[in-house]
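**Student:** Mind having a look at this structure? Questions to follow.
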Amino acid sequence: MSLRRDATRRRTIGILALLVATVVFILPFIFILFMAVKTKQEAALFLFSWPSEWHFWQNLVDVVQTRNYMLMLAYFNSIVITVGAVTLLVIFGAMVGYVLQRRPSGWNKLIYACILIGLMVPPAIVPTIWVLQAIGLFKTIHGMILIQVAYGLAFSVLLYRSFIGTIPRDLDEAAIIDGAKSWQVFFKVILPLLKPVTVTLIVVQSIAIFNDFTNPLYYLPGKENVTVQLTLFNFQSQFQSQYNLLFMNILLVTIPPLFVFIFFNRQIVAGMTSGAVKG
Amino acid sequence: MASRRPSPYPYWFVLPAAVVFVTLFLVPTIASFWFSLTRWDLFAAEFIGWDNYRQFFKEPFLIQGLTNTLIYAVVTSGAKTVLGLMLAVLLTSGIWMQGFLRSVVFFPVLVSTIGVGITFAALMHPTRGVINLGLESIGIDGPAWLSDPALALYSVAMIDIWKGVGLATLIYIAGLAAISPEYYEASRIDGATRWQQFWRVTVPLVRPATVTVVTLSLIGGLRSFDIIWATTRGGPGFASDVLASVIYKQYQAGFYGLATAGNVILFLLIAVIILPLTYWFNKREVDL
């Protein structure tokens, strides 16, 4: 009796929560979709209404062709930066996490201090541009990749360090006795075992770097260096009267994270909550 | 000579990461203290003492940027903490469609901030926006969310909360899962009500998650830039300017020394707020 009442109660709360969540969290996305397929005139009204004509394909082609296929170039640049930076973050982060966890010494305090600084301190922007100019990396994709590595390292090292703690030392020692060199132990024995946390790191950092707006804005100016987030910003002024195209662009930028979310939900949750329980 | 076997965990493993981090993060951070005391055009820096800082605390719009940063960080962080805990309790209570609801609340975290900003700027349009049309239909005269100087900062904060509350919820869900059910059972046997259980069991035991949520959202709030830039660009006037947007504006105007002083102030502000907070959180933990 009481059990059944409990079940109905859960159901009622669930339906209520679903209604509120739909209005608050889902309607804005449906709004983006509707705006993206409307005609120019209809989109300018900003109404939340069913599109009278679906111009999906035409708007898609229009937005892709804008400013000499800028969006294609932007996708290319964003993918190069994301893949490059995430690859380095995995290798460098795992290497530091490995030494940090396996070899206790006075240096570790210094490394932890750097991690704390990396997590907390806002980057000093203009001095960073000054350094980038001095080493010839300002306005270059390489420079952008290294910046993303510098900013993402702290998180990456922390994530790896705690996971490496769960891998028994016997494995390293067995490999060393078999005559493996230290880099062989790491790359052939340890790194493959880190796969679960590597997947998590790849997913979480890819989304962060792909969605990054501020850093490319500062460190990667120039038409030929445009990234996906900056197209939105560039088109914002150009599409004053073409909101349908602006929202089509938002839709295109939102789709990659949606797919990642659908396929890697578990890894995202693991990455985002790491450290939350331990504090 | 006794040859000592080299450690199987050589320090050169740290080297690649250290080179990148030191060159592109530590060196600029340290250099910022010097450049904030100069008039600077990226090539020549002329030492001018504390002038940049003096200007920062004299110009009304720069002071407003500073206070706005504090308001923005406290409002967003507070709301994310409270709403995040409430949502997490709701979404672990076994309600219908729980898994789907968790995904729905979390998804905005992963979406482009600029995209969210542009979308909400349209939804919050004073006359044509969906929000005000909706309010009108139930007889409420909606405000000019983003163009009213008294309201703009809070409207942007609301968008930030909408986008970020999913992360707080997720962290709290993980924190709640770590609480042993025995505590709830014991308190129920002692006759505690649900309300008492929440305050006496859940809130104290979910503390590590609270520490993470508060720290992360405060740091994020103090550094916030892109959502503000995508919606109001600090306007109307300087009504929603924060330190990060002031830095960008000074940078664009070519005042590199002043922009860097802004950077140093932001750094000090974060340190002054976060370090004592972390210390206090850790000290309390020992008492428990």
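Within each chain, counting starts at residue 1; across the structure tokens, chains are named A, B, ... in the order shown, with ligands numbered 1 upward in that order.
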Quick one: which residues from chain A are at most 7 Å off chain B, using only C-alpha atoms, as an MDAnalysis selection string?

**Tutor:** chainID A and resid 10:11 13:14 18 25 32 45:48 92 95:96 99 103 120:124 126:128 130:131 146:147 150 182 207 211 213:214 229 250 254 257 273 276:279

**Student:** With a distance cut-off of 8 Å and only C-alpha atoms, select the neighbouring residues of B:Ser217, excluding the residue or stretch itself and same-chain residues fewer than 3 positions from it, and output the selection as a list in words.

**Tutor:**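 Everything that qualifies: Ala73, Thr76, Ser77, Lys80, Val213, Val214, Gly220 and Gly221 of chain B.
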
**Student:** Go ahead and compute the interatomic distance for atom CA of A:Ile115 and atom CA of A:Leu100, in Å to one decimal.

**Tutor:**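 Straight-line distance from atom CA of A:Ile115 to atom CA of A:Leu100 works out to 11.5 Å.
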
**Student:** Need to verify the contact set: B:Thr67, 12 Å, only C-alpha atoms, exclusion of same-chain residues closer than 2 positions in sequence. Can you return it as number ranges by chain?

**Tutor:** B: 57, 60-65, 69-74, 153, 222, 238-243, 266, 269

**Student:** Using only C-alpha atoms, can you tell me which of A:Gln242, A:Thr82, A:Asn225, A:Ser49 comes closest to A:Met70?

**Tutor:**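 Closest to A:Met70 of all the choices is A:Asn225.
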
**Student:** Might you pull out every residue within 12 Å of A:Trp54, with only C-alpha atoms counted and same-chain residues fewer than 5 positions away left off, and present them as a list of chain:residue names?

**Tutor:**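 These residues fall inside the cut-off: A:Leu33, A:Phe34, A:Met35, A:Ala36, A:Val37, A:Lys38, A:Thr39, A:Lys40, A:Glu42, A:Ala43, A:Asn59, A:Leu60, A:Asn244.
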
**Student:** Write out as a PyMOL selection string each polymer residue whose atoms come within 10 Å of stretch 186-191 of chain B, counting only C-alpha atoms; drop sequence neighbours fewer than 4 positions from it.

**Tutor:** chain B and resi 181-182+196-197+200-201

**Student:** From a DSSP pass on the backbone, collect the residues of stretch 223-276 of chain A flagged as alpha helix (DSSP H) and hand them back as a count of residues only.

**Tutor:** 42

**Student:** Would you work out the distance separating atom CA of A:His55 from atom CA of A:Ala74, expressed in Å to one decimal?

**Tutor:**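 These atoms are spaced 23.3 Å apart.
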
**Student:** Taking 5 positions as the minimum chain separation for residues in the same chain, which residues sit within 9 Å of A:Ile209 when counting only C-alpha atoms? Answer as a PyMOL selection string.

**Tutor:** chain A and resi 78+81-82+85-86+148+204

**Student:** Write the selection just made, keeping N, CA, C and O atoms, as an mmCIF file, in the first residue's frame?

**Tutor:**
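This went into selection14.cif:
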```
data_model
loop_
_atom_site.group_PDB
_atom_site.id
_atom_site.type_symbol
_atom_site.label_atom_id
_atom_site.label_comp_id
_atom_site.auth_asym_id
_atom_site.auth_seq_id
_atom_site.Cartn_x
_atom_site.Cartn_y
_atom_site.Cartn_z
ATOM 1 N N SER A 78 40.178 24.059 -36.018
ATOM 2 C CA SER A 78 39.769 23.621 -34.680
ATOM 3 C C SER A 78 40.133 22.163 -34.464
ATOM 4 O O SER A 78 40.573 21.784 -33.374
ATOM 5 N N ILE A 81 43.965 21.832 -33.968
ATOM 6 C CA ILE A 81 44.364 22.296 -32.634
ATOM 7 C C ILE A 81 43.937 21.286 -31.571
ATOM 8 O O ILE A 81 44.722 20.911 -30.698
ATOM 9 N N THR A 82 42.692 20.817 -31.663
ATOM 10 C CA THR A 82 42.181 19.899 -30.646
ATOM 11 C C THR A 82 42.973 18.597 -30.644
ATOM 12 O O THR A 82 43.436 18.148 -29.585
ATOM 13 N N ALA A 85 46.712 19.244 -29.470
ATOM 14 C CA ALA A 85 46.852 19.568 -28.047
ATOM 15 C C ALA A 85 46.498 18.369 -27.177
ATOM 16 O O ALA A 85 47.199 18.074 -26.199
ATOM 17 N N VAL A 86 45.435 17.646 -27.535
ATOM 18 C CA VAL A 86 45.014 16.527 -26.689
ATOM 19 C C VAL A 86 46.060 15.411 -26.728
ATOM 20 O O VAL A 86 46.368 14.804 -25.695
ATOM 21 N N GLN A 148 47.310 25.578 -25.388
ATOM 22 C CA GLN A 148 46.287 24.685 -24.824
ATOM 23 C C GLN A 148 46.929 23.605 -23.963
ATOM 24 O O GLN A 148 46.364 23.203 -22.944
ATOM 25 N N VAL A 204 37.087 14.839 -22.316
ATOM 26 C CA VAL A 204 36.865 16.083 -21.573
ATOM 27 C C VAL A 204 37.680 17.232 -22.165
ATOM 28 O O VAL A 204 37.166 18.336 -22.389
#
```

**Student:** Using only C-alpha atoms, determine which residues lie at most 9 Å from A:Ile79, disregarding the query and same-chain residues fewer than 5 positions distant; provide the list as an mmCIF file with C-alpha atoms, in the first residue's frame.

**Tutor:**
```cif
data_model
loop_
_atom_site.group_PDB
_atom_site.id
_atom_site.type_symbol
_atom_site.label_atom_id
_atom_site.label_comp_id
_atom_site.auth_asym_id
_atom_site.auth_seq_id
_atom_site.Cartn_x
_atom_site.Cartn_y
_atom_site.Cartn_z
ATOM 1 C CA ALA A 74 37.495 26.938 -39.113
ATOM 2 C CA GLY A 84 47.374 18.159 -31.525
ATOM 3 C CA PHE A 210 36.971 22.724 -29.223
ATOM 4 C CA THR A 227 38.452 28.613 -35.271
#
```

**Student:** So, counting only C-alpha atoms, which residue among B:Leu135, B:Ala44, B:Ala157, B:Leu37 is closest to B:Gly78?

**Tutor:**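 Checking each candidate against B:Gly78, we get B:Ala157 as the closest.
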